[in-house]
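Inspection log for the structure reproduced underneath, given as structure tokens.
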Amino acid sequence: MKLTLSVIGLVIIFIVLSLTCYGLFTKVKIVEREIGDFCLIYEKHVGDYIGVGQVIDRVYSKLLGEDAIEPTRGFGLYYDDPKKVKKGNLRSIVGGILDKQDEDKIEHLKTHYKVKKISYPSSTSKCNT
């Protein structure tokens with residue numbers, strides 16, 4: 001009986017310590033901040049939102065293969081509510097976010113891709129569209 005209680009106690013201690021290490025008892029801190037300008041390289045998509053992954057992959061592959069640019073972040077802007085709009089009419093733009101070190105290639109990219117800038121008032125980005 002003592003052995004069983006000892007094993008159960010050790011298991012409980014192990015579980016509590018593991019949960020503590022993984023942050024279960026840590027307070028969540030929510031912070032709101034501006035994170036900068038975004039230069040979006042994208043394609044328009046009309047249709048079921050389930051198909052946007054293929055479009056993001058296509059833009060990424062083209063940027064990597066043809067332009068030697070490897071975006072580290074993808075994005076999607078979804079304009080319509082799928083509960084209110086038929087799947088075939090859903091509109092979105094999806095693609096990659098151009099990293100700062102590749103902004104000097106923006107003029108070339110504008111000839112091959114759609115480019116959109118999302119910025120804050122204190123913008124210093126070269127992605128002027």
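Lettering and numbering for the structure tokens are positional, with chains as A, B, ... in the shown order, residues counted from 1 in each chain, and ligands counted from 1 in the shown order.
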Please provide as a PyMOL selection string all residues within 6 Å of Arg91 in chain A, with the sequence filter that same-chain residues fewer than 2 positions apart are discarded (counting only C-alpha atoms). chain A and resi 45-46+79
Could you save those same residues with N, CA and C atoms as a PDB file, in the first residue's frame?
```
ATOM      1  N   HIS A  45      -7.556  35.826 -55.406  1.00  0.00           N
ATOM      2  CA  HIS A  45      -8.197  34.504 -55.453  1.00  0.00           C
ATOM      3  C   HIS A  45      -9.699  34.696 -55.317  1.00  0.00           C
ATOM      4  N   VAL A  46     -10.442  34.080 -56.219  1.00  0.00           N
ATOM      5  CA  VAL A  46     -11.897  34.065 -56.119  1.00  0.00           C
ATOM      6  C   VAL A  46     -12.305  32.609 -56.076  1.00  0.00           C
ATOM      7  N   TYR A  79     -11.934  38.808 -47.784  1.00  0.00           N
ATOM      8  CA  TYR A  79     -12.872  39.924 -47.846  1.00  0.00           C
ATOM      9  C   TYR A  79     -14.318  39.556 -47.534  1.00  0.00           C
TER      10      TYR A  79
END
```
Identify all residues of range 7-128 of chain A in strand (DSSP E) (DSSP on the backbone) and supply them as number ranges by chain. A: 38-46, 73-78, 91-98, 114-118
Just the residues within 9 Å of Ile118 in chain A, please, counting only C-alpha atoms, with nothing from its chain fewer than 4 positions along; format it as a PyMOL selection string. chain A and resi 36-40
Could the residues in this selection be written to a file with N, CA and C atoms, as a PDB file, in the first residue's frame?
```pdb
ATOM      1  N   GLY A  36       4.933  47.534 -37.661  1.00  0.00           N
ATOM      2  CA  GLY A  36       5.673  48.001 -38.823  1.00  0.00           C
ATOM      3  C   GLY A  36       4.908  47.935 -40.117  1.00  0.00           C
ATOM      4  N   ASP A  37       5.640  48.179 -41.184  1.00  0.00           N
ATOM      5  CA  ASP A  37       5.077  48.185 -42.526  1.00  0.00           C
ATOM      6  C   ASP A  37       5.162  46.788 -43.133  1.00  0.00           C
ATOM      7  N   PHE A  38       4.227  46.518 -44.021  1.00  0.00           N
ATOM      8  CA  PHE A  38       4.241  45.244 -44.722  1.00  0.00           C
ATOM      9  C   PHE A  38       4.166  45.492 -46.214  1.00  0.00           C
ATOM     10  N   CYS A  39       5.033  44.876 -46.950  1.00  0.00           N
ATOM     11  CA  CYS A  39       4.999  44.917 -48.401  1.00  0.00           C
ATOM     12  C   CYS A  39       4.516  43.546 -48.856  1.00  0.00           C
ATOM     13  N   LEU A  40       3.307  43.492 -49.387  1.00  0.00           N
ATOM     14  CA  LEU A  40       2.667  42.233 -49.750  1.00  0.00           C
ATOM     15  C   LEU A  40       2.872  41.936 -51.222  1.00  0.00           C
TER      16      LEU A  40
END
```
If you count only C-alpha atoms, which residues fall within 12 Å of Ile50 in chain A, apart from same-chain ones fewer than 6 positions away, as a PyMOL selection string? chain A and resi 56+76+78+82+87-88+90-92
Any chance you could export the current selection's C-alpha atoms as a CSV table (one decimal), in the first residue's frame?
```csv
chain,number,residue,atom,x,y,z
A,56,ILE,CA,0.3,31.0,-51.5
A,76,GLY,CA,-4.1,36.0,-46.5
A,78,TYR,CA,-10.2,37.4,-46.7
A,82,PRO,CA,-18.3,32.5,-46.1
A,87,LYS,CA,-18.1,29.5,-52.0
A,88,GLY,CA,-17.5,30.3,-55.7
A,90,LEU,CA,-15.5,34.4,-52.0
A,91,ARG,CA,-12.7,37.0,-52.6
A,92,SER,CA,-9.3,37.1,-51.1
```
Find the residues near Pro71 in chain A: any atom within 6 Å, counting only C-alpha atoms, skip ones fewer than 2 places away on the same chain, and give them as a PyMOL selection string. chain A and resi 73+96+98
How would the residues just chosen look if you wrote them out with N, CA and C atoms as a short mmCIF file (atom, residue, chain, number, x, y, z; two decimals), in the first residue's frame?
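Saved file result-v4.cif follows:
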```cif
data_model
loop_
_atom_site.label_atom_id
_atom_site.label_comp_id
_atom_site.auth_asym_id
_atom_site.auth_seq_id
_atom_site.Cartn_x
_atom_site.Cartn_y
_atom_site.Cartn_z
N ARG A 73 7.32 34.92 -44.33
CA ARG A 73 5.95 34.97 -43.82
C ARG A 73 4.96 35.00 -44.97
N GLY A 96 2.92 36.38 -50.08
CA GLY A 96 4.00 36.47 -49.12
C GLY A 96 4.27 37.90 -48.71
N LEU A 98 7.11 40.58 -48.11
CA LEU A 98 8.49 40.82 -48.49
C LEU A 98 9.29 41.27 -47.28
#
```
I need the helix (DSSP H, G or I) residues of chain A per DSSP on the backbone, written as number ranges by chain. A: 2-21, 49-67, 87-89, 100-110
As a ChimeraX atom specification, please: the residues near Glu66 in chain A (cut-off 12 Å, only C-alpha atoms, same-chain neighbours under 5 positions excluded). /A:58-61,108-109,112-113
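CA of Glu43 in chain A lies 6.3 Å from CA of Lys114 in chain A.
Distance check against Ser119 in chain A using only C-alpha atoms: of A:Leu63, A:Lys83, A:Glu34, A:Gly74, the minimum falls on A:Glu34.
The coordinates place CA of Val16 in chain A at 22.7 Å from CA of Met1 in chain A.
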